[in-house]
Each structure stands twice: as structure tokens, then as C-alpha cells.
file run29.txt (compact mmCIF, C-alpha atoms and all ligand atoms)
# COMPACT_ATOMS: atom_id res chain seq x y z
CA MET A 38 -21.31 21.98 2.18
CA LYS A 39 -23.15 19.07 0.61
CA LEU A 40 -19.98 17.12 -0.25
CA LEU A 41 -18.89 17.27 3.41
CA GLU A 42 -22.30 16.31 4.82
CA ASP A 43 -22.39 13.31 2.48
CA ARG A 44 -18.96 12.23 3.68
CA ILE A 45 -19.94 12.62 7.34
CA ASN A 46 -23.01 10.44 6.70
CA VAL A 47 -20.85 7.71 5.18
CA ASP A 48 -17.80 7.81 7.47
CA GLY A 49 -18.80 9.61 10.70
CA ARG A 50 -19.19 7.56 13.87
CA ILE A 51 -21.03 8.87 16.93
CA LEU A 52 -19.20 8.25 20.23
CA GLY A 53 -21.20 8.63 23.43
CA ASP A 54 -23.54 11.62 23.65
CA ASP A 55 -21.62 14.36 21.93
CA ILE A 56 -18.51 13.25 19.99
CA LEU A 57 -18.26 12.61 16.27
CA LYS A 58 -15.34 10.51 15.08
CA VAL A 59 -14.14 11.37 11.58
CA ASP A 60 -10.68 9.89 11.65
CA SER A 61 -10.90 8.42 8.15
CA PHE A 62 -10.87 11.83 6.42
CA LEU A 63 -10.14 14.69 8.87
CA THR A 64 -8.60 13.96 12.28
CA HIS A 65 -6.14 11.12 11.57
CA GLN A 66 -6.15 9.94 7.95
CA VAL A 67 -6.64 13.04 5.80
CA ASP A 68 -8.47 13.18 2.45
CA PHE A 69 -6.57 15.89 0.60
CA SER A 70 -9.12 16.38 -2.16
CA LEU A 71 -11.92 16.91 0.37
CA MET A 72 -9.64 19.19 2.45
CA LYS A 73 -8.82 21.19 -0.67
CA ALA A 74 -12.52 21.61 -1.47
CA ILE A 75 -13.15 22.67 2.15
CA GLY A 76 -10.27 25.15 2.12
CA GLU A 77 -11.42 26.63 -1.19
CA ARG A 78 -14.98 26.98 0.09
CA LEU A 79 -13.81 28.85 3.19
CA ALA A 80 -11.60 31.05 1.03
CA ASP A 81 -14.55 31.83 -1.26
CA VAL A 82 -16.67 32.95 1.71
CA TYR A 83 -13.96 35.35 3.00
CA ARG A 84 -12.29 36.29 -0.30
CA GLU A 85 -13.40 39.94 -0.25
CA LYS A 86 -12.59 40.47 3.44
CA GLY A 87 -8.93 41.43 3.12
CA ILE A 88 -7.58 38.37 4.95
CA THR A 89 -3.79 38.48 5.37
CA LYS A 90 -3.24 35.34 7.53
CA VAL A 91 -5.05 32.10 8.26
CA VAL A 92 -4.58 30.88 11.85
CA THR A 93 -5.40 27.43 13.23
CA ILE A 94 -4.35 25.15 16.08
CA GLU A 95 -2.46 21.89 15.70
CA ALA A 96 -3.13 19.22 14.62
CA SER A 97 -6.40 18.63 12.79
CA GLY A 98 -7.03 22.25 11.83
CA ILE A 99 -3.86 22.35 9.75
CA ALA A 100 -5.11 20.58 6.61
CA PRO A 101 -8.24 22.69 5.99
CA ALA A 102 -6.41 25.87 7.07
CA LEU A 103 -3.55 25.23 4.65
CA TYR A 104 -5.85 24.86 1.65
CA ALA A 105 -7.82 27.96 2.68
CA ALA A 106 -4.53 29.87 2.89
CA GLU A 107 -3.39 28.54 -0.48
CA SER A 108 -6.63 29.66 -2.10
CA LEU A 109 -6.39 33.12 -0.50
CA GLY A 110 -2.66 33.38 -1.30
CA VAL A 111 -1.67 34.16 2.32
CA PRO A 112 0.43 32.36 4.98
CA MET A 113 -1.08 29.78 7.33
CA ILE A 114 0.08 29.79 10.96
CA PHE A 115 -0.75 27.03 13.43
CA ALA A 116 -0.67 27.61 17.16
CA LYS A 117 1.58 25.09 18.88
CA LYS A 118 0.42 23.15 21.90
CA ALA A 119 3.85 22.44 23.40
CA LYS A 120 6.78 24.83 23.58
CA ASN A 121 9.90 23.39 22.02
CA VAL A 122 13.53 24.41 22.27
CA THR A 123 13.58 26.04 18.83
CA MET A 124 10.87 28.52 19.95
CA ASN A 125 13.31 30.90 21.59
CA GLU A 126 11.72 34.11 20.36
CA GLU A 127 8.94 36.09 21.97
CA LEU A 128 5.63 34.27 22.10
CA LEU A 129 1.95 35.06 22.21
CA THR A 130 0.49 32.49 24.65
CA THR A 131 -2.82 31.52 26.17
CA ASP A 132 -4.40 28.53 27.92
CA VAL A 133 -6.99 26.42 26.10
CA PHE A 134 -9.21 23.73 27.60
CA SER A 135 -9.48 20.77 25.24
CA PHE A 136 -12.98 19.33 24.84
CA THR A 137 -11.78 15.92 23.62
CA LYS A 138 -8.76 15.56 25.93
CA GLN A 139 -10.36 17.29 28.95
CA VAL A 140 -7.08 18.99 29.84
CA THR A 141 -5.87 22.59 29.68
CA SER A 142 -2.78 23.25 27.60
CA THR A 143 -0.78 26.36 26.83
CA VAL A 144 -0.79 27.23 23.14
CA SER A 145 1.49 29.71 21.46
CA ILE A 146 2.40 31.54 18.27
CA SER A 147 5.66 33.42 17.72
CA LYS A 148 5.10 37.17 17.88
CA LYS A 149 6.99 37.65 14.61
CA PHE A 150 4.22 35.95 12.60
CA LEU A 151 1.29 38.23 13.57
CA SER A 152 1.18 42.02 13.71
CA SER A 153 -1.29 44.85 14.04
CA ASP A 154 -1.43 45.00 10.22
CA ASP A 155 -3.02 41.55 9.99
CA SER A 156 -6.65 40.63 9.29
CA VAL A 157 -7.04 37.02 10.32
CA LEU A 158 -9.29 34.12 9.40
CA ILE A 159 -9.43 31.49 12.17
CA VAL A 160 -9.96 27.90 10.92
CA ASP A 161 -10.54 24.73 12.94
CA ASP A 162 -11.76 21.18 12.39
CA PHE A 163 -14.53 21.17 15.03
CA LEU A 164 -16.51 23.74 16.97
CA ALA A 165 -17.90 22.42 20.27
CA ASN A 166 -17.78 24.86 23.19
CA GLY A 167 -15.61 27.35 21.36
CA GLN A 168 -12.56 27.18 23.62
CA ALA A 169 -10.04 26.49 20.85
CA ALA A 170 -11.35 29.32 18.64
CA LEU A 171 -11.57 31.76 21.58
CA GLY A 172 -7.98 30.87 22.52
CA LEU A 173 -6.84 31.68 18.99
CA LEU A 174 -8.82 34.93 19.16
CA ARG A 175 -6.90 35.88 22.34
CA LEU A 176 -3.56 35.26 20.58
CA ILE A 177 -4.66 37.40 17.63
CA GLU A 178 -5.77 40.18 19.98
CA GLN A 179 -2.45 39.99 21.89
CA ALA A 180 -0.72 40.71 18.57
CA GLY A 181 -2.98 43.72 18.02
CA ALA A 182 -4.29 42.03 14.87
CA LYS A 183 -7.94 41.90 13.79
CA ALA A 184 -9.88 38.62 13.69
CA VAL A 185 -12.33 38.83 10.79
CA GLY A 186 -14.07 35.48 10.95
CA VAL A 187 -14.02 31.84 11.91
CA GLY A 188 -14.25 28.97 9.42
CA ILE A 189 -15.20 25.60 10.90
CA VAL A 190 -15.34 22.23 9.17
CA ILE A 191 -17.87 20.58 11.55
CA GLU A 192 -19.91 22.48 14.14
CA LYS A 193 -21.92 20.70 16.81
CA SER A 194 -24.69 23.23 17.09
CA PHE A 195 -26.08 21.74 20.32
CA GLN A 196 -22.96 22.96 22.16
CA THR A 197 -22.18 26.52 23.19
CA GLY A 198 -19.39 27.58 20.81
CA ARG A 199 -21.46 29.13 18.06
CA GLN A 200 -23.13 31.69 20.30
CA LEU A 201 -19.85 32.56 22.07
CA LEU A 202 -18.15 33.37 18.74
CA ILE A 203 -21.09 35.36 17.40
CA ASN A 204 -21.14 37.34 20.67
CA LYS A 205 -17.53 38.35 19.86
CA GLY A 206 -18.72 39.88 16.59
CA LEU A 207 -17.00 37.26 14.44
CA GLN A 208 -18.45 36.10 11.12
CA LEU A 209 -18.87 32.35 11.63
CA THR A 210 -18.95 29.93 8.71
CA SER A 211 -19.51 26.27 9.59
CA LEU A 212 -19.52 24.02 6.53
CA ALA A 213 -21.43 21.25 8.31
CA ARG A 214 -23.65 21.89 11.31
CA ILE A 215 -24.85 19.01 13.43
CA GLY A 216 -28.11 19.94 15.12
CA ALA A 217 -28.47 16.71 17.07
CA PHE A 218 -27.56 13.07 17.37
CA GLU A 219 -30.91 11.24 17.40
CA ASN A 220 -31.23 7.46 17.72
CA GLY A 221 -27.71 6.99 16.44
CA GLN A 222 -28.34 9.26 13.42
CA ILE A 223 -26.78 12.61 12.58
CA VAL A 224 -29.32 15.40 12.10
CA PHE A 225 -27.87 18.36 10.19
CA ALA A 226 -28.82 22.01 10.66
CA PRO A 227 -28.52 24.33 7.63
CA ALA A 228 -24.84 25.04 6.96
CA ASP A 229 -23.61 28.64 6.83
CA ASP A 230 -22.25 28.24 3.29
CA ALA A 231 -25.42 26.69 1.82
CA ALA A 232 -25.70 29.48 -0.78
CA PHE A 233 -22.30 28.48 -2.19
CA ASP A 234 -23.47 24.92 -2.96
CA LYS A 235 -25.66 26.15 -5.82
P1 LIG B 301 -14.07 23.51 21.49
O1 LIG B 301 -12.77 24.14 21.82
O2 LIG B 301 -14.89 24.27 20.51
O3 LIG B 301 -14.84 23.09 22.70
O4 LIG B 301 -13.71 22.12 20.78
C1 LIG B 301 -13.04 22.14 19.55
C2 LIG B 301 -11.83 21.30 19.57
O5 LIG B 301 -12.07 20.05 20.24
C3 LIG B 301 -11.43 20.95 18.15
O6 LIG B 301 -10.19 21.56 17.88
C4 LIG B 301 -11.33 19.44 18.11
O7 LIG B 301 -9.98 19.06 18.14
C5 LIG B 301 -11.96 18.95 19.37
N1 LIG B 301 -13.34 18.41 19.19
C6 LIG B 301 -14.48 18.92 19.73
N2 LIG B 301 -15.53 18.15 19.47
C7 LIG B 301 -15.07 17.11 18.72
C8 LIG B 301 -15.70 15.95 18.14
O8 LIG B 301 -16.91 15.72 18.24
N3 LIG B 301 -14.87 15.11 17.45
C9 LIG B 301 -13.54 15.33 17.31
N4 LIG B 301 -12.84 14.43 16.59
N5 LIG B 301 -12.91 16.41 17.85
C10 LIG B 301 -13.67 17.28 18.55
call {"tool": "encode", "arguments": {"input": "run29.txt", "output": "C-alpha cells", "more": "lines below"}}
Ligand code: 5GP
result
Amino acid sequence: MKLLEDRINVDGRILGDDILKVDSFLTHQVDFSLMKAIGERLADVYREKGITKVVTIEASGIAPALYAAESLGVPMIFAKKAKNVTMNEELLTTDVFSFTKQVTSTVSISKKFLSSDDSVLIVDDFLANGQAALGLLRLIEQAGAKAVGVGIVIEKSFQTGRQLLINKGLQLTSLARIGAFENGQIVFAPADDAAFDK
């Protein structure tokens, strides 16, 4: 997505060898008009796929997932990272290792929000080694629902996530794909939605 790549070039900051900081529009301060364009793009890619729910993980997946859900006219559900006292119903749970925090946390979704009738689009802000998306896939499978595809805002293609998701038979759409960080510059690989830019 050209609009997103342009914004990453202006506002993205490379941290260390393999982290991109985009806290001015995605992971801390959120640009709603860019998020809306991202959500609508993901919805356009999956519009004919019979999606009934959009599922993400808190926190930074919520904004793009919500706009994708709005455009598809279906509910958005975000997996919660900490159990709280109001979650007293039956839960789907799994453990997810966080790439940025380097800790494993238990994530959950209430059973009442996903059923075997659902066809699900998974959405997340970043794809690195695929652990967040695979965790969401496990929750969807626990519910007996079908995961149709994965929509990612920024994929780091030099990490392992892409191949792991494709191996699961999921249709992966990454709106920006970073092939490499070279001499402090971001080198993009062709995005999965390139045809929609025209
Ligand atoms: P994965 O589970 O695919 O290894 O990593 C994806 C998750 O880690 C995302 O939900 C995101 O929160 C975080 N993440 C991974 N790489 C980056 C990065 O380069 N920058 C930021 N801000 N978050 C990242």
C-alpha cells in the first residue's frame, strides 16, 4: 500500500537490527485516517471471502482491525492479554511469545464470541516470527471456527512469520513488506496488495 510505505519512510525509525518503531501513527499515537484506509484495503482484499468476524490481539492491532471490521460490516474481537475479573465466562486461551517484550503471556477470547459458524480474518500491526498470528489461529481453531486469512499492516519479510502462516494454508496480505534494513534505510519488498493501488 503506497500510502503506508510513504508514511513508514517519513516516520519509521529503525531500532537495533530488526525493530521498526512507528509510534507516531500505529503503535502509540494512532492516525485514524491512515488506519481507516488500511482497514478498508484489508476489507477489499477479503470482501468476497465470507468473513463473519475480524480477530486481533491487543493493543496495536485494534485500530486497523476495527476499520476492517467496519468496512466488512462484521464484529471485531480482540484477544486479551490479561484475564480480568469481568471475564468470568468460558475462555479460549493460548500462550503467545511476544517478540518485542520477549515474554510469554496467556491470551484469551470469550467462547461466546466465536463459533463453528465463523469465518475469520486475523489482523495485526506487525508480522515478525508469526507467534501472535499463530496464537490467534489456535484460539480460532479451539472455537471450531475457520481462519480464512491474515491481514498485516507491516511485515518484516526477513523474519520467519510469513512462511509459517503460508504453511498453515492461510491467505496472507501484508500491506507493507520490509525486505531488509540496509545502512539505516528501509528496503521494501513488493506488498501483497500492490494490485489494489492502481
Ligand atoms: P510475531 O508474533 O510475529 O513474532 O511479532 C508480532 C508482534 O510483535 C506484533 O503484534 C507487534 O506487537 C510486535 N512486533 C514485532 N515486530 C515489531 C516491530 O518491528 N515493531 C513494533 N513496534 N512491534 C513489533
call {"tool": "residues_near_ligand", "arguments": {"input": "run29.txt", "ligand": "ligand LIG 301 (chain B)", "cutoff": "8 Å", "atoms": "all atoms listed in the file", "output": "number ranges by chain"}}
result
A: 55-60, 64, 94, 96-98, 133-138, 161-171, 193, 198
call {"tool": "atom_distance", "arguments": {"input": "run29.txt", "atom1": "atom CA of A:Leu202", "atom2": "atom CA of A:Lys39"}}
result
23.6 Å
call {"tool": "closest_residue", "arguments": {"input": "run29.txt", "among": "A:Leu128, A:Ala231, A:Leu173, A:Ala184", "to": "A:Ser153", "atoms": "all atoms listed in the file"}}
result
A:Ala184
call {"tool": "residues_around", "arguments": {"input": "run29.txt", "residues": "A:Gln208", "least_positions_apart": "4", "cutoff": "7 Å", "atoms": "all atoms listed in the file", "output": "list of chain:residue names"}}
result
A:Val185, A:Gly186, A:Val187, A:Ile203
call {"tool": "residues_around", "arguments": {"input": "run29.txt", "residues": "A:Lys117", "least_positions_apart": "3", "cutoff": "8 Å", "atoms": "only C-alpha atoms", "output": "ChimeraX atom specification"}}
result
/A:94-95,120,144-146
call {"tool": "write_last_selection", "arguments": {"input": "run29.txt", "atoms": "C-alpha atoms", "output": "PDB file, in the coordinates of the input"}}
result
ATOM      1  CA  ILE A  94      -4.350  25.150  16.080  1.00  0.00           C
ATOM      2  CA  GLU A  95      -2.460  21.890  15.700  1.00  0.00           C
ATOM      3  CA  LYS A 120       6.780  24.830  23.580  1.00  0.00           C
ATOM      4  CA  VAL A 144      -0.790  27.230  23.140  1.00  0.00           C
ATOM      5  CA  SER A 145       1.490  29.710  21.460  1.00  0.00           C
ATOM      6  CA  ILE A 146       2.400  31.540  18.270  1.00  0.00           C
TER       7      ILE A 146
END
call {"tool": "atom_distance", "arguments": {"input": "run29.txt", "atom1": "atom CA of A:Leu79", "atom2": "atom CA of A:Ala102"}}
result
8.9 Å
call {"tool": "residues_around", "arguments": {"input": "run29.txt", "residues": "A:Met38", "least_positions_apart": "5", "cutoff": "9 Å", "atoms": "all atoms listed in the file", "output": "JSON, numbers by chain"}}
result
{"A": [43, 75, 78, 211, 212, 213, 228, 229, 230, 231, 233, 234]}
call {"tool": "closest_residue", "arguments": {"input": "run29.txt", "among": "A:Ser61, A:Thr210, A:Thr130, A:Asn220", "to": "A:Leu158", "atoms": "only C-alpha atoms"}}
result
A:Thr210
